[in-house]
Structures are given as C-alpha cells and as structure tokens.
$ cat run15.pdb   # PDB, C-alpha atoms
MODEL        1
ATOM      1  CA  MET A  21      91.987 110.995  84.042  1.00  0.00           C
ATOM      2  CA  THR A  22      94.133 108.179  85.403  1.00  0.00           C
ATOM      3  CA  GLU A  23      96.550 108.381  88.323  1.00  0.00           C
ATOM      4  CA  ARG A  24      99.445 107.958  85.887  1.00  0.00           C
ATOM      5  CA  GLU A  25      98.250 110.922  83.826  1.00  0.00           C
ATOM      6  CA  ILE A  26      97.965 113.040  86.974  1.00  0.00           C
ATOM      7  CA  ILE A  27     101.509 112.131  88.056  1.00  0.00           C
ATOM      8  CA  TYR A  28     102.785 112.973  84.569  1.00  0.00           C
ATOM      9  CA  LYS A  29     101.048 116.340  84.752  1.00  0.00           C
ATOM     10  CA  LEU A  30     102.493 117.082  88.201  1.00  0.00           C
ATOM     11  CA  ARG A  31     105.982 116.340  86.863  1.00  0.00           C
ATOM     12  CA  ARG A  32     105.308 118.525  83.839  1.00  0.00           C
ATOM     13  CA  VAL A  33     104.170 121.397  86.064  1.00  0.00           C
ATOM     14  CA  MET A  34     107.483 121.172  87.952  1.00  0.00           C
ATOM     15  CA  GLN A  35     109.482 121.054  84.703  1.00  0.00           C
ATOM     16  CA  LEU A  36     107.670 124.053  83.257  1.00  0.00           C
ATOM     17  CA  GLY A  37     107.993 126.064  86.459  1.00  0.00           C
ATOM     18  CA  ARG A  38     111.720 125.376  86.617  1.00  0.00           C
ATOM     19  CA  TRP A  39     112.057 126.255  82.918  1.00  0.00           C
ATOM     20  CA  HIS A  40     110.331 129.625  83.425  1.00  0.00           C
ATOM     21  CA  ILE A  41     112.528 130.396  86.433  1.00  0.00           C
ATOM     22  CA  SER A  42     115.679 129.336  84.573  1.00  0.00           C
ATOM     23  CA  LEU A  43     114.783 131.599  81.636  1.00  0.00           C
ATOM     24  CA  LYS A  44     114.274 134.558  83.932  1.00  0.00           C
ATOM     25  CA  ILE A  45     117.422 134.041  86.037  1.00  0.00           C
ATOM     26  CA  LYS A  46     119.829 133.483  83.171  1.00  0.00           C
ATOM     27  CA  ASP A  47     120.652 137.185  83.240  1.00  0.00           C
ATOM     28  CA  LEU A  48     121.446 137.232  86.974  1.00  0.00           C
ATOM     29  CA  GLU A  49     125.215 137.305  87.290  1.00  0.00           C
ATOM     30  CA  ASP A  50     127.024 134.334  88.835  1.00  0.00           C
ATOM     31  CA  SER A  51     123.910 132.416  89.801  1.00  0.00           C
ATOM     32  CA  TYR A  52     121.889 129.419  88.760  1.00  0.00           C
ATOM     33  CA  TYR A  53     118.622 127.819  89.818  1.00  0.00           C
ATOM     34  CA  GLY A  54     119.911 125.729  92.729  1.00  0.00           C
ATOM     35  CA  GLN A  55     121.812 128.609  94.285  1.00  0.00           C
ATOM     36  CA  LEU A  56     118.726 130.781  94.739  1.00  0.00           C
ATOM     37  CA  SER A  57     117.237 128.465  97.361  1.00  0.00           C
ATOM     38  CA  LEU A  58     120.544 128.414  99.204  1.00  0.00           C
ATOM     39  CA  LEU A  59     120.770 132.214  99.098  1.00  0.00           C
ATOM     40  CA  ARG A  60     117.240 132.450 100.491  1.00  0.00           C
ATOM     41  CA  TYR A  61     118.104 130.050 103.326  1.00  0.00           C
ATOM     42  CA  VAL A  62     121.318 131.854 104.267  1.00  0.00           C
ATOM     43  CA  SER A  63     119.572 135.218 104.036  1.00  0.00           C
ATOM     44  CA  ASP A  64     116.844 133.966 106.397  1.00  0.00           C
ATOM     45  CA  HIS A  65     119.401 132.243 108.700  1.00  0.00           C
ATOM     46  CA  PRO A  66     122.547 134.407 108.777  1.00  0.00           C
ATOM     47  CA  GLY A  67     125.389 132.625 110.546  1.00  0.00           C
ATOM     48  CA  CYS A  68     124.036 129.163 109.752  1.00  0.00           C
ATOM     49  CA  THR A  69     126.457 126.301 109.282  1.00  0.00           C
ATOM     50  CA  GLN A  70     126.894 124.073 106.270  1.00  0.00           C
ATOM     51  CA  LYS A  71     125.550 121.242 108.425  1.00  0.00           C
ATOM     52  CA  ASP A  72     122.365 123.301 108.993  1.00  0.00           C
ATOM     53  CA  MET A  73     121.995 123.748 105.239  1.00  0.00           C
ATOM     54  CA  ALA A  74     122.599 120.061 104.486  1.00  0.00           C
ATOM     55  CA  GLU A  75     119.937 119.069 107.018  1.00  0.00           C
ATOM     56  CA  HIS A  76     117.444 121.662 105.770  1.00  0.00           C
ATOM     57  CA  PHE A  77     117.789 120.625 102.120  1.00  0.00           C
ATOM     58  CA  ALA A  78     118.214 116.917 102.980  1.00  0.00           C
ATOM     59  CA  VAL A  79     121.383 116.615 100.913  1.00  0.00           C
ATOM     60  CA  SER A  80     124.893 115.480 101.760  1.00  0.00           C
ATOM     61  CA  LYS A  81     127.376 117.769 103.485  1.00  0.00           C
ATOM     62  CA  ALA A  82     129.717 117.204 100.538  1.00  0.00           C
ATOM     63  CA  ALA A  83     127.127 118.578  98.096  1.00  0.00           C
ATOM     64  CA  ILE A  84     126.594 121.663 100.259  1.00  0.00           C
ATOM     65  CA  THR A  85     130.351 122.158 100.683  1.00  0.00           C
ATOM     66  CA  LYS A  86     130.881 122.109  96.915  1.00  0.00           C
ATOM     67  CA  THR A  87     128.033 124.551  96.251  1.00  0.00           C
ATOM     68  CA  VAL A  88     129.025 126.898  99.076  1.00  0.00           C
ATOM     69  CA  LYS A  89     132.627 126.939  97.826  1.00  0.00           C
ATOM     70  CA  ARG A  90     131.456 127.869  94.330  1.00  0.00           C
ATOM     71  CA  MET A  91     129.221 130.597  95.759  1.00  0.00           C
ATOM     72  CA  ILE A  92     132.098 131.956  97.874  1.00  0.00           C
ATOM     73  CA  ASP A  93     134.325 131.988  94.772  1.00  0.00           C
ATOM     74  CA  ASN A  94     131.586 133.932  92.944  1.00  0.00           C
ATOM     75  CA  GLY A  95     131.294 136.441  95.780  1.00  0.00           C
ATOM     76  CA  LEU A  96     127.750 135.435  96.831  1.00  0.00           C
ATOM     77  CA  LEU A  97     128.554 133.991 100.265  1.00  0.00           C
ATOM     78  CA  GLU A  98     131.254 134.348 102.870  1.00  0.00           C
ATOM     79  CA  ARG A  99     132.383 131.998 105.602  1.00  0.00           C
ATOM     80  CA  LYS A 100     133.459 133.278 109.009  1.00  0.00           C
ATOM     81  CA  THR A 101     134.959 131.429 111.941  1.00  0.00           C
ATOM     82  CA  ASN A 102     132.613 131.039 114.899  1.00  0.00           C
ATOM     83  CA  GLU A 103     133.901 133.234 117.735  1.00  0.00           C
ATOM     84  CA  ARG A 104     133.138 130.631 120.426  1.00  0.00           C
ATOM     85  CA  ASP A 105     134.360 127.566 118.533  1.00  0.00           C
ATOM     86  CA  GLU A 106     137.051 128.152 115.934  1.00  0.00           C
ATOM     87  CA  ARG A 107     136.432 124.705 114.415  1.00  0.00           C
ATOM     88  CA  LYS A 108     133.001 125.858 113.205  1.00  0.00           C
ATOM     89  CA  TYR A 109     132.268 128.156 110.292  1.00  0.00           C
ATOM     90  CA  GLU A 110     129.241 130.379 109.889  1.00  0.00           C
ATOM     91  CA  VAL A 111     127.910 131.319 106.467  1.00  0.00           C
ATOM     92  CA  TYR A 112     126.609 134.753 105.482  1.00  0.00           C
ATOM     93  CA  CYS A 113     125.370 136.412 102.298  1.00  0.00           C
ATOM     94  CA  THR A 114     127.618 139.078 100.858  1.00  0.00           C
ATOM     95  CA  GLU A 115     126.200 142.332  99.519  1.00  0.00           C
ATOM     96  CA  LYS A 116     126.258 140.767  96.049  1.00  0.00           C
ATOM     97  CA  GLY A 117     124.546 137.637  97.410  1.00  0.00           C
ATOM     98  CA  ASN A 118     121.797 139.739  98.988  1.00  0.00           C
ATOM     99  CA  ARG A 119     121.297 141.580  95.692  1.00  0.00           C
ATOM    100  CA  ILE A 120     121.038 138.300  93.736  1.00  0.00           C
ATOM    101  CA  HIS A 121     118.690 136.917  96.420  1.00  0.00           C
ATOM    102  CA  GLN A 122     116.357 139.910  96.030  1.00  0.00           C
ATOM    103  CA  GLN A 123     116.373 139.619  92.240  1.00  0.00           C
ATOM    104  CA  GLY A 124     115.761 135.867  92.488  1.00  0.00           C
ATOM    105  CA  SER A 125     112.858 136.445  94.874  1.00  0.00           C
ATOM    106  CA  GLU A 126     111.240 138.686  92.279  1.00  0.00           C
ATOM    107  CA  VAL A 127     111.686 135.977  89.638  1.00  0.00           C
ATOM    108  CA  PHE A 128     110.041 133.367  91.875  1.00  0.00           C
ATOM    109  CA  LYS A 129     107.190 135.755  92.655  1.00  0.00           C
ATOM    110  CA  ASP A 130     106.623 136.411  88.930  1.00  0.00           C
ATOM    111  CA  VAL A 131     106.552 132.680  88.136  1.00  0.00           C
ATOM    112  CA  GLU A 132     104.214 132.003  91.082  1.00  0.00           C
ATOM    113  CA  GLN A 133     101.822 134.649  89.777  1.00  0.00           C
ATOM    114  CA  LEU A 134     101.995 133.156  86.282  1.00  0.00           C
ATOM    115  CA  THR A 135     101.443 129.641  87.636  1.00  0.00           C
ATOM    116  CA  PHE A 136      98.345 130.490  89.649  1.00  0.00           C
ATOM    117  CA  ARG A 137      96.737 133.225  87.556  1.00  0.00           C
ATOM    118  CA  ASN A 138      92.973 132.767  87.197  1.00  0.00           C
ATOM    119  CA  PHE A 139      92.800 130.675  90.391  1.00  0.00           C
ATOM    120  CA  THR A 140      90.455 131.804  93.134  1.00  0.00           C
ATOM    121  CA  ALA A 141      91.536 131.782  96.767  1.00  0.00           C
ATOM    122  CA  GLU A 142      89.224 128.804  97.356  1.00  0.00           C
ATOM    123  CA  GLU A 143      90.728 126.854  94.434  1.00  0.00           C
ATOM    124  CA  LEU A 144      94.230 127.493  95.795  1.00  0.00           C
ATOM    125  CA  ARG A 145      93.125 126.307  99.236  1.00  0.00           C
ATOM    126  CA  GLN A 146      91.647 123.127  97.718  1.00  0.00           C
ATOM    127  CA  LEU A 147      94.742 122.486  95.588  1.00  0.00           C
ATOM    128  CA  GLY A 148      96.952 122.910  98.649  1.00  0.00           C
ATOM    129  CA  SER A 149      94.757 120.474 100.543  1.00  0.00           C
ATOM    130  CA  TYR A 150      95.020 117.873  97.752  1.00  0.00           C
ATOM    131  CA  ILE A 151      98.803 118.232  97.572  1.00  0.00           C
ATOM    132  CA  ASP A 152      99.057 117.884 101.369  1.00  0.00           C
ATOM    133  CA  ARG A 153      97.098 114.621 101.152  1.00  0.00           C
ATOM    134  CA  ILE A 154      99.351 113.318  98.376  1.00  0.00           C
ATOM    135  CA  MET A 155     102.446 114.161 100.438  1.00  0.00           C
ATOM    136  CA  ASP A 156     100.950 112.478 103.506  1.00  0.00           C
ATOM    137  CA  ASN A 157     100.309 109.350 101.420  1.00  0.00           C
ATOM    138  CA  LEU A 158     103.907 109.255 100.173  1.00  0.00           C
ATOM    139  CA  GLU A 159     105.832 110.376 103.239  1.00  0.00           C
ATOM    140  CA  THR A 160     106.668 108.072 106.063  1.00  0.00           C
ATOM    141  CA  ASP A 161     108.692 108.664 109.204  1.00  0.00           C
ATOM    142  CA  TYR A 162     111.520 106.994 107.329  1.00  0.00           C
ATOM    143  CA  SER A 163     111.368 109.111 104.166  1.00  0.00           C
ATOM    144  CA  ARG A 164     110.565 112.458 105.749  1.00  0.00           C
ATOM    145  CA  ASN A 165     113.355 115.014 105.271  1.00  0.00           C
ATOM    146  CA  LYS A 166     115.470 112.770 103.046  1.00  0.00           C
ATOM    147  CA  SER A 167     116.489 113.641  99.526  1.00  0.00           C
ATOM    148  CA  ILE A 168     115.601 111.437  96.575  1.00  0.00           C
ATOM    149  CA  ARG A 169     119.309 110.646  96.228  1.00  0.00           C
ATOM    150  CA  GLU A 170     119.508 109.391  99.830  1.00  0.00           C
ATOM    151  CA  LEU A 171     116.403 107.255  99.416  1.00  0.00           C
ATOM    152  CA  ASN A 172     117.760 105.805  96.156  1.00  0.00           C
ATOM    153  CA  GLU A 173     121.129 104.992  97.751  1.00  0.00           C
ATOM    154  CA  GLU A 174     119.406 103.143 100.584  1.00  0.00           C
ATOM    155  CA  THR A 175     117.212 101.216  98.144  1.00  0.00           C
ATOM    156  CA  GLU A 176     120.273 100.092  96.166  1.00  0.00           C
ATOM    157  CA  LYS A 177     121.931  98.542  99.255  1.00  0.00           C
TER     158      LYS A 177
ENDMDL
END
$ encode --input "run15.pdb" --output "structure tokens"
Amino acid sequence: MTEREIIYKLRRVMQLGRWHISLKIKDLEDSYYGQLSLLRYVSDHPGCTQKDMAEHFAVSKAAITKTVKRMIDNGLLERKTNERDERKYEVYCTEKGNRIHQQGSEVFKDVEQLTFRNFTAEELRQLGSYIDRIMDNLETDYSRNKSIRELNEETEK
C-alpha cells in the first residue's frame, strides 16, 4: 500500500466516524456535531472564557463567539459576568447543555466501540504509537496548536 493510499484511508476513517456520529446525534435537540466538543470542554472547565475555548480548539475568537451565541440562544450554555472583573465573561453549561453533553458522550462512546471492535489492546497500543509518530512528523513548533484555517491563511500571505 502506498503512502497516498494510507492518507486516503485515514481521511476516509475520519469521514465515516463523523458520519456515524452525525447520524446518531441528529435526534439530540438543538445540537450538532461541532457543539458536542464545545459542550464537553465547558463541562470539564466550568467558568472558562471564550478566549480559553478559542485557544484550546485553535480557532478564532470570532468563530467561538458565534458558536457560543448560538448555543446560548438554544439554551445549552450561559454566560456570566466574572465577579472580580466585570469586563470578563465566564461560560457554563445549562441543565439542558449538561443533558445534551451526556447524551453526546454516549454517542461518541458507541462510535468508538464500533470503530475499534475486534482490536486487541496491543493492536490499539501499536496503532496509537503509529499515529503519534505521524503527528510528530507533521507537527512543528510553528504548526502546533493552530487550526488548518490559520495555517492556510498564513500560507496565502
């Protein structure tokens, strides 16, 4: 198998995984694929700021602001003023957001089990090791923690 075929297959694995998750979450009210990761982050980091989220996901603050606003409008998140600095806002999951987060976590767990069924613990360890090596080959100090969009914008300059 050539390197090109392997890269194609890695992309296809990602497409299929996302497709399975999207099929399973379509019945979750007021949520879509990209929001589940944000709900998980806010659930794990209650009181985080939008700047924290933008840095964690390596996306622009504007993109996070737009998504957070939509999630607030849908009742998944709430923004509160920081008690020590009223210019800062902290973000929290609402009860509905926590419920959707739990349901989404179950979906991800189901797809993970489907993805890796019939793999032994040793095969998973080896696969993880191979993927780590691929990431090490591709990442540099410059590219680490940047989104594809940011890297593309810098390339176009």
$ atom_distance --input "run15.pdb" --atom1 "CA of Thr114 in chain A" --atom2 "CA of Leu97 in chain A"
5.2 Å
$ closest_residue --input "run15.pdb" --among "A:Ser57, A:Ser149, A:Thr160, A:Ser63" --to "Phe128 in chain A" --atoms "all atoms listed in the file"
A:Ser57
$ atom_distance --input "run15.pdb" --atom1 "CA of Leu58 in chain A" --atom2 "CA of Leu96 in chain A"
10.3 Å
$ residues_around --input "run15.pdb" --residues "range 81-87 of chain A" --least-positions-apart "3" --cutoff "7 Å" --atoms "only C-alpha atoms" --output "PyMOL selection string"
chain A and resi 70-71+74+90-91
$ atom_distance --input "run15.pdb" --atom1 "CA of Gly124 in chain A" --atom2 "CA of Ile45 in chain A"
6.9 Å
$ residues_around --input "run15.pdb" --residues "Asp72 in chain A" --least-positions-apart "3" --cutoff "12 Å" --atoms "only C-alpha atoms" --output "list in words"
Leu58, Tyr61, Val62, His65, Pro66, Gly67, Cys68, Thr69, Glu75, His76, Phe77, Ala78, Val79, Ser80, Lys81, Ile84, Thr85, Lys108, Tyr109, Glu110 and Val111 of chain A
$ closest_residue --input "run15.pdb" --among "A:Ile92, A:Leu30, A:Asp64, A:Leu59" --to "Asn118 in chain A" --atoms "only C-alpha atoms"
A:Leu59
$ resolve_selection --input "run15.pdb" --expression "the PyMOL selection byres ((chain A and resi 131-143) around 10)" --output "list in words"
Val33, Leu36, Gly37, Arg38, Trp39, His40, Ile41, Lys44, Ser125, Glu126, Val127, Phe128, Lys129, Asp130, Leu144, Arg145, Gln146, Leu147, Gly148 and Ser149 of chain A
$ axis_aligned_box --input "run15.pdb" --around "range 82-95 of chain A" --padding-each-side "4 Å" --output "JSON"
{"center_x": 130.5, "center_y": 126.8, "center_z": 96.8, "size_x": 15.7, "size_y": 27.2, "size_z": 15.7}
